[in-house]
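Colleague: Got a structure for you, written out below as structure tokens; questions coming shortly.
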Amino acid sequence: MTDERVRAGLTHEEDLSLLHEVSMKTAGVSRLEMCIQCGTCGGSCPAAQDMDHTPRMLFAMLRAGMREEVLRSNTQWICVSCYHCVVRCPQEVHIADVMYTLKGMAIKEKLYENSTAPDFSQTFVDMVETYGRSFEMGLASRHYLKHFPLRLPGMMPMGLGMIIKGRMALIPKKIKQMDQLTKILDHAKQLEMTS
Amino acid sequence: MNKYLLYPGCSMESSAKAYMESMNTILEPLDLHFEEIDDWNCCGATEYLGINLIPAYSLIARNLALASKQKNGTRTVVAPCSACYLNLAKADHYMDERPALGEKVNEALAAGGLHYVPGTLDVRHLIDILVYDVGLEKIRNAVVRPLTGLKVVPYMGCMLPRPDYQHRWSDHEHPTELDDLLRALGADVIDYPLTTSCCGGHMTQIGPETAFELIRRLVADADERGAQMMVTVCPMCQMNVDAYQNEMNNFFSTDYHMPILFFTQLMGLAFGREPKELGIGAELVNSRNALAHIGVEVPVTQEPAAPRKKDEGLPMPRRWTKHEDRKEAVK
Ligand code: SF4
Ligand code: SF4
């Protein structure tokens with residue numbers, strides 16, 4: 001099915017398996033199946049202009065079972081989690097949380113066009129899994145070196161400013177009971193939502 | 001009740017140290033006692049949630065479990081960072097809304113000898129405590145240096161008033177708690193329709209163009225309304241508007257100078273503290289001129305190297321070319 005058909009609302013060939021899968025993997029009760037395609041979400045979104053699909057359209061595609069197109073969309077990566085759509089949605093769909101779910105699924109299936117965002121998240125998670133705390137200095141330098149080497153010179157005044165003003169720790173802090181956290185996370189990684 | 005458990009969050013120890021320092025100066029005058037949650041860990045910000053659901057919620061819930069063990073006469077956890085506040089509130093809420101998630105998270109926590117029953121704690125943001133527990137009257141009474149003549153826009157950010165599981169705020173799109181508090185300090189509060197617009201969140205790091213436009217809107221609107229500074233309640237908002245303002249200016253060939261301070265820094269000033277004790281001067285877009293309007297002198301600190309020439313723009317990686325035209329348009 002083409003984007004045009006979805007845009008025109010021609011989603012009669014429903015295939016709800018993807019919708020159910022996404023719902024199951026979403027933190028709370030997603031209410032995705034309640035979406036009435038009103039478009040309030042896209043109209044409220046401050047970042048919609050940079051998205052491949054508005055949230056409304058993405059949800060129509062979800063309903064149509066367009067798995068690959070949905071997971072490849074940049075929409076979930078552009079979403080800044082501002083919850084503007086969430087408080088306006090007449091159906092109380094957990095839109096922002098669905099975006100998190102879609103990121104996770106896209107990462108797992110390696111269906112994303114641009115690796116900057118997943119890499120950033122993964123670098124962040126690596127820091128947290130090592131120290132139990134986030135470490136802005138390590139995060140920023142690793143991320144910039146890898147993805148924006150050209151931006152680095154432009155970032156120097158800012159980075160230096162942050163260091164001079166004592167706003168960037170040069171050494172990461174580690175929590176005391178790191179073993180405990182590691183045990184928890186290791187166990188959590190083996191668990192999956194089944195209902 | 002004036003005892004609380006504190007979840008500071010990672011940025012309060014580094015990029016937002018000024019927030020921590022200034023917060024600590026207002027506790028005593030307002031008769032507040034904060035006890036830090038022992039051995040708390042990072043909440044995962046907006047990153048872990050998009051990687052792996054159950055570990056992400058287990059990471060957050062470890063803090064809730066530690067806090068519920070430590071209770072010590074209070075069930076309220078205060079989080080001064082909006083992102084931390086939301087994550088903690090979210091874990092508490094979703095573990096309850098979706099019992100299957102609650103069970104899995106507790107299964108993981110058990111591996112570390114911990115457990116959390118959703119609903120045990122109240123998760124609240126610092127400004128919520130100040131406005132609704134302490135009260136504006138008490139705050140007004142503690143003011144010894146009214147901020148009369150200081151023109152500010154109150155910037156609440158997006159993650160604090162939304163999605164608001166516990167209905168704590170006056171409104172989701174235009175809450176007035178920060179306006180009221182700043183007025184109680186004597187400041188000249190300018191109505192700011194963008195008060196809950198997003199600062200770009202992590203997009204400053206991963207999709208700078210998207211973030212720059214969001215920052216530009218905030219700063220341009222504050223400037224047009226005649227604000228001398230923006231006032232924030234969130235480390236991420238402060239970081240984005242402050243530390244990336246220079247880059248944003250380069251990108252759009254604009255020349256804004258809009259300082260952004262934490263509301264606790266202004267409270268400290270109003271309560272008679274000196275800029276140095278409040279971390280004032282740690283901001284990259286300095287607030288010296290703005291504060292001169294109320295007779296506060298900020299000592300000159302070392303400034304970062306001068307910005308690059310404006311007409312160069314930023315060397316953007318090719319994959320972000322989608323909005324090259326936008327850049328052209330503003331030139
Ligand atoms: S606002 Fe809600 S109901 Fe309307 S299109 Fe978006 S998700 Fe669907
Ligand atoms: S939460 Fe995401 S999709 Fe919703 S309005 Fe904000 S940026 Fe747009």
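By order of appearance in the structure tokens: chains A, B, ..., then residues from 1 within every chain, and ligands from 1 in the order shown.
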Got a sec: who's within 8 Å of region 37-52 of chain A, counting only C-alpha atoms, leaving out chain neighbours fewer than 6 positions off, as a list in words?
Modeller: Ala60, Ser73, Asn74, Thr75, Ile78, Cys79, Val80, His84, Cys85, Val86, Arg88 and Cys89 of chain A; Ser197, Cys198, Thr210 and Leu214 of chain B
Colleague: For the residues in the current selection, export C-alpha atoms as a short mmCIF file (atom, residue, chain, number, x, y, z; two decimals), in the first residue's frame.
Modeller:
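Okay, this is what ended up in result.cif:
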```cif
data_model
loop_
_atom_site.label_atom_id
_atom_site.label_comp_id
_atom_site.auth_asym_id
_atom_site.auth_seq_id
_atom_site.Cartn_x
_atom_site.Cartn_y
_atom_site.Cartn_z
CA ALA A 60 -2.85 4.42 10.09
CA SER A 73 10.02 6.01 9.44
CA ASN A 74 12.08 8.78 11.00
CA THR A 75 9.01 9.92 12.94
CA ILE A 78 12.31 13.05 15.45
CA CYS A 79 9.79 12.89 18.30
CA VAL A 80 11.21 14.97 21.16
CA HIS A 84 1.91 17.92 23.44
CA CYS A 85 -0.04 15.46 21.34
CA VAL A 86 -0.64 13.24 24.35
CA ARG A 88 -4.58 16.88 23.32
CA CYS A 89 -5.46 13.48 21.85
CA SER B 197 7.13 24.45 24.24
CA CYS B 198 9.90 21.92 23.91
CA THR B 210 15.29 20.22 14.59
CA LEU B 214 12.84 24.91 18.59
#
```
Colleague: Using only C-alpha atoms, find which residues of chain A lie within 7 Å of chain B and jot them down as a VMD selection string.
Modeller: chain A and resid 27 to 29 47 80 82 to 83 86 to 87 100 to 101 103 to 104 116 to 117 121 124 to 125 128 132 to 134 148 150 to 151 157 to 158 160 to 161 165 167 to 169 175 to 176 180 to 181 183 to 185 187 to 189 191 195
Colleague: Keeping only N, CA and C atoms, take the residues you just selected and write them out as a compact mmCIF listing (two decimals), in the first residue's frame.
Modeller:
```txt
# COMPACT_ATOMS: atom_id res chain seq x y z
N ALA A 27 4.83 0.62 27.36
CA ALA A 27 4.85 0.60 28.83
C ALA A 27 3.47 0.50 29.47
N GLY A 28 2.60 1.47 29.20
CA GLY A 28 1.29 1.45 29.84
C GLY A 28 0.27 0.79 28.92
N VAL A 29 -0.98 1.21 29.04
CA VAL A 29 -2.01 0.73 28.13
C VAL A 29 -2.02 1.70 26.96
N ALA A 47 7.62 19.27 16.03
CA ALA A 47 8.68 18.76 15.17
C ALA A 47 8.11 18.09 13.92
N VAL A 80 10.39 14.47 20.05
CA VAL A 80 11.21 14.97 21.16
C VAL A 80 10.56 14.68 22.52
N CYS A 82 7.62 15.59 23.84
CA CYS A 82 7.14 16.79 24.54
C CYS A 82 5.72 16.59 25.07
N TYR A 83 5.08 15.50 24.69
CA TYR A 83 3.74 15.14 25.20
C TYR A 83 2.66 16.13 24.83
N VAL A 86 -0.05 14.16 23.37
CA VAL A 86 -0.64 13.24 24.35
C VAL A 86 -1.75 13.91 25.14
N VAL A 87 -1.52 15.15 25.56
CA VAL A 87 -2.57 15.80 26.36
C VAL A 87 -3.71 16.34 25.50
N TYR A 100 8.50 5.49 21.75
CA TYR A 100 9.62 4.77 22.38
C TYR A 100 9.62 3.30 21.96
N THR A 101 8.41 2.71 21.93
CA THR A 101 8.31 1.31 21.54
C THR A 101 8.83 1.11 20.11
N LYS A 103 10.96 2.92 18.49
CA LYS A 103 12.43 3.04 18.45
C LYS A 103 13.05 1.71 18.81
N GLY A 104 12.57 1.14 19.91
CA GLY A 104 13.13 -0.12 20.38
C GLY A 104 13.00 -1.22 19.32
N THR A 116 22.50 7.98 13.88
CA THR A 116 22.88 8.93 14.93
C THR A 116 22.08 8.72 16.22
N ALA A 117 20.75 8.70 16.07
CA ALA A 117 19.92 8.64 17.26
C ALA A 117 20.06 7.32 18.01
N SER A 121 21.53 6.91 21.90
CA SER A 121 20.84 6.22 22.98
C SER A 121 21.70 5.09 23.52
N PHE A 124 24.61 6.31 25.58
CA PHE A 124 24.09 6.75 26.88
C PHE A 124 23.86 5.54 27.79
N VAL A 125 23.20 4.53 27.22
CA VAL A 125 22.89 3.34 28.00
C VAL A 125 24.18 2.64 28.45
N VAL A 128 25.48 4.39 31.46
CA VAL A 128 24.68 4.11 32.64
C VAL A 128 24.93 2.69 33.14
N GLY A 132 26.29 3.58 36.39
CA GLY A 132 25.06 3.80 37.15
C GLY A 132 24.64 5.26 37.08
N ARG A 133 25.50 6.09 36.54
CA ARG A 133 25.19 7.51 36.36
C ARG A 133 25.51 7.88 34.93
N SER A 134 24.91 8.97 34.45
CA SER A 134 25.29 9.39 33.11
C SER A 134 26.47 10.35 33.23
N PHE A 148 29.67 13.63 14.34
CA PHE A 148 29.78 15.01 13.86
C PHE A 148 31.21 15.53 13.97
N LEU A 150 32.87 17.03 12.03
CA LEU A 150 32.94 18.37 11.45
C LEU A 150 32.37 19.44 12.37
N ARG A 151 31.48 19.00 13.23
CA ARG A 151 30.89 19.98 14.15
C ARG A 151 31.81 20.26 15.32
N PRO A 157 34.12 26.07 21.61
CA PRO A 157 33.89 27.13 22.60
C PRO A 157 32.87 26.69 23.65
N MET A 158 31.84 26.00 23.20
CA MET A 158 30.82 25.56 24.14
C MET A 158 31.39 24.53 25.13
N LEU A 160 34.49 23.95 25.92
CA LEU A 160 35.46 24.61 26.79
C LEU A 160 34.77 25.44 27.85
N GLY A 161 33.75 26.17 27.40
CA GLY A 161 32.98 26.99 28.33
C GLY A 161 32.41 26.15 29.45
N LYS A 165 33.63 26.58 33.27
CA LYS A 165 32.63 26.98 34.27
C LYS A 165 32.28 25.83 35.21
N ARG A 167 31.03 22.94 34.61
CA ARG A 167 29.74 22.29 34.39
C ARG A 167 29.86 20.93 33.73
N MET A 168 31.09 20.48 33.49
CA MET A 168 31.25 19.14 32.93
C MET A 168 32.25 18.38 33.78
N ALA A 169 31.81 17.30 34.38
CA ALA A 169 32.74 16.49 35.17
C ALA A 169 33.70 15.80 34.21
N ILE A 175 28.11 4.61 41.08
CA ILE A 175 27.31 4.37 42.28
C ILE A 175 27.98 3.29 43.12
N LYS A 176 27.61 3.22 44.41
CA LYS A 176 28.28 2.28 45.32
C LYS A 176 27.91 0.83 45.00
N GLN A 180 24.70 -4.57 42.33
CA GLN A 180 23.26 -4.76 42.47
C GLN A 180 22.53 -4.30 41.21
N LEU A 181 22.92 -3.12 40.73
CA LEU A 181 22.27 -2.59 39.52
C LEU A 181 22.52 -3.51 38.33
N LYS A 183 23.06 -6.70 38.34
CA LYS A 183 22.24 -7.92 38.48
C LYS A 183 20.81 -7.63 38.04
N ILE A 184 20.29 -6.48 38.47
CA ILE A 184 18.92 -6.12 38.12
C ILE A 184 18.77 -5.99 36.60
N LEU A 185 19.71 -5.26 36.00
CA LEU A 185 19.59 -5.02 34.56
C LEU A 185 19.80 -6.30 33.76
N HIS A 187 19.10 -9.29 34.67
CA HIS A 187 17.89 -10.08 34.78
C HIS A 187 16.77 -9.47 33.93
N ALA A 188 16.68 -8.15 33.98
CA ALA A 188 15.61 -7.46 33.23
C ALA A 188 15.73 -7.73 31.74
N LYS A 189 16.96 -7.85 31.27
CA LYS A 189 17.17 -8.05 29.83
C LYS A 189 16.65 -9.41 29.36
N LEU A 191 13.89 -10.66 30.41
CA LEU A 191 12.43 -10.69 30.50
C LEU A 191 11.80 -10.01 29.30
N SER A 195 2.16 -10.33 27.95
CA SER A 195 0.72 -10.04 27.98
C SER A 195 0.48 -8.56 28.14
```
Colleague: Just how far from CA of His125 (chain B) is atom 5 (S, counted along the ligand's line) of ligand 2, in Å to one decimal?
Modeller: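 Computing the Euclidean distance for atom 5 (S, counted along the ligand's line) of ligand 2 and CA of His125 (chain B) yields 22.0 Å.
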Colleague: What's around Pro8 (chain B) at 8 Å? Count only C-alpha atoms, leave out sequence neighbours fewer than 6 positions away in its own chain, and write the answer as an mmCIF file with N, CA and C atoms, in the first residue's frame.
Modeller:
```cif
data_model
loop_
_atom_site.group_PDB
_atom_site.id
_atom_site.type_symbol
_atom_site.label_atom_id
_atom_site.label_comp_id
_atom_site.auth_asym_id
_atom_site.auth_seq_id
_atom_site.Cartn_x
_atom_site.Cartn_y
_atom_site.Cartn_z
ATOM 1 N N MET B 20 21.572 23.022 41.767
ATOM 2 C CA MET B 20 21.760 22.361 43.068
ATOM 3 C C MET B 20 22.202 23.378 44.123
ATOM 4 N N GLU B 36 18.814 13.048 50.676
ATOM 5 C CA GLU B 36 19.120 12.420 49.399
ATOM 6 C C GLU B 36 18.881 10.902 49.449
ATOM 7 N N ALA B 79 11.993 15.691 42.835
ATOM 8 C CA ALA B 79 12.955 15.669 41.736
ATOM 9 C C ALA B 79 13.000 17.075 41.141
ATOM 10 N N PRO B 80 14.158 17.716 41.173
ATOM 11 C CA PRO B 80 14.248 19.072 40.612
ATOM 12 C C PRO B 80 14.376 19.068 39.080
ATOM 13 N N CYS B 81 14.741 17.927 38.495
ATOM 14 C CA CYS B 81 14.899 17.863 37.040
ATOM 15 C C CYS B 81 13.596 17.347 36.433
#
```
Colleague: Have a look at A:Pro55, A:Gly166, A:Pro90, A:Pro149 and name the one nearest to ligand 2; count only C-alpha atoms and all ligand atoms.
Modeller: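 Ranking A:Pro55, A:Gly166, A:Pro90, A:Pro149 by distance to ligand 2, first place goes to A:Pro55.
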Colleague: Can you tell me how far CA of Pro299 (chain B) sits from CA of Ala184 (chain B), in Å to one decimal?
Modeller: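 Straight-line distance from CA of Pro299 (chain B) to CA of Ala184 (chain B) works out to 26.4 Å.
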Colleague: Mind giving me the straight-line distance from CA of Asn114 (chain A) to atom 5 (S, counted along the ligand's line) of ligand 2 in Å, one decimal?
Modeller: 21.1 Å
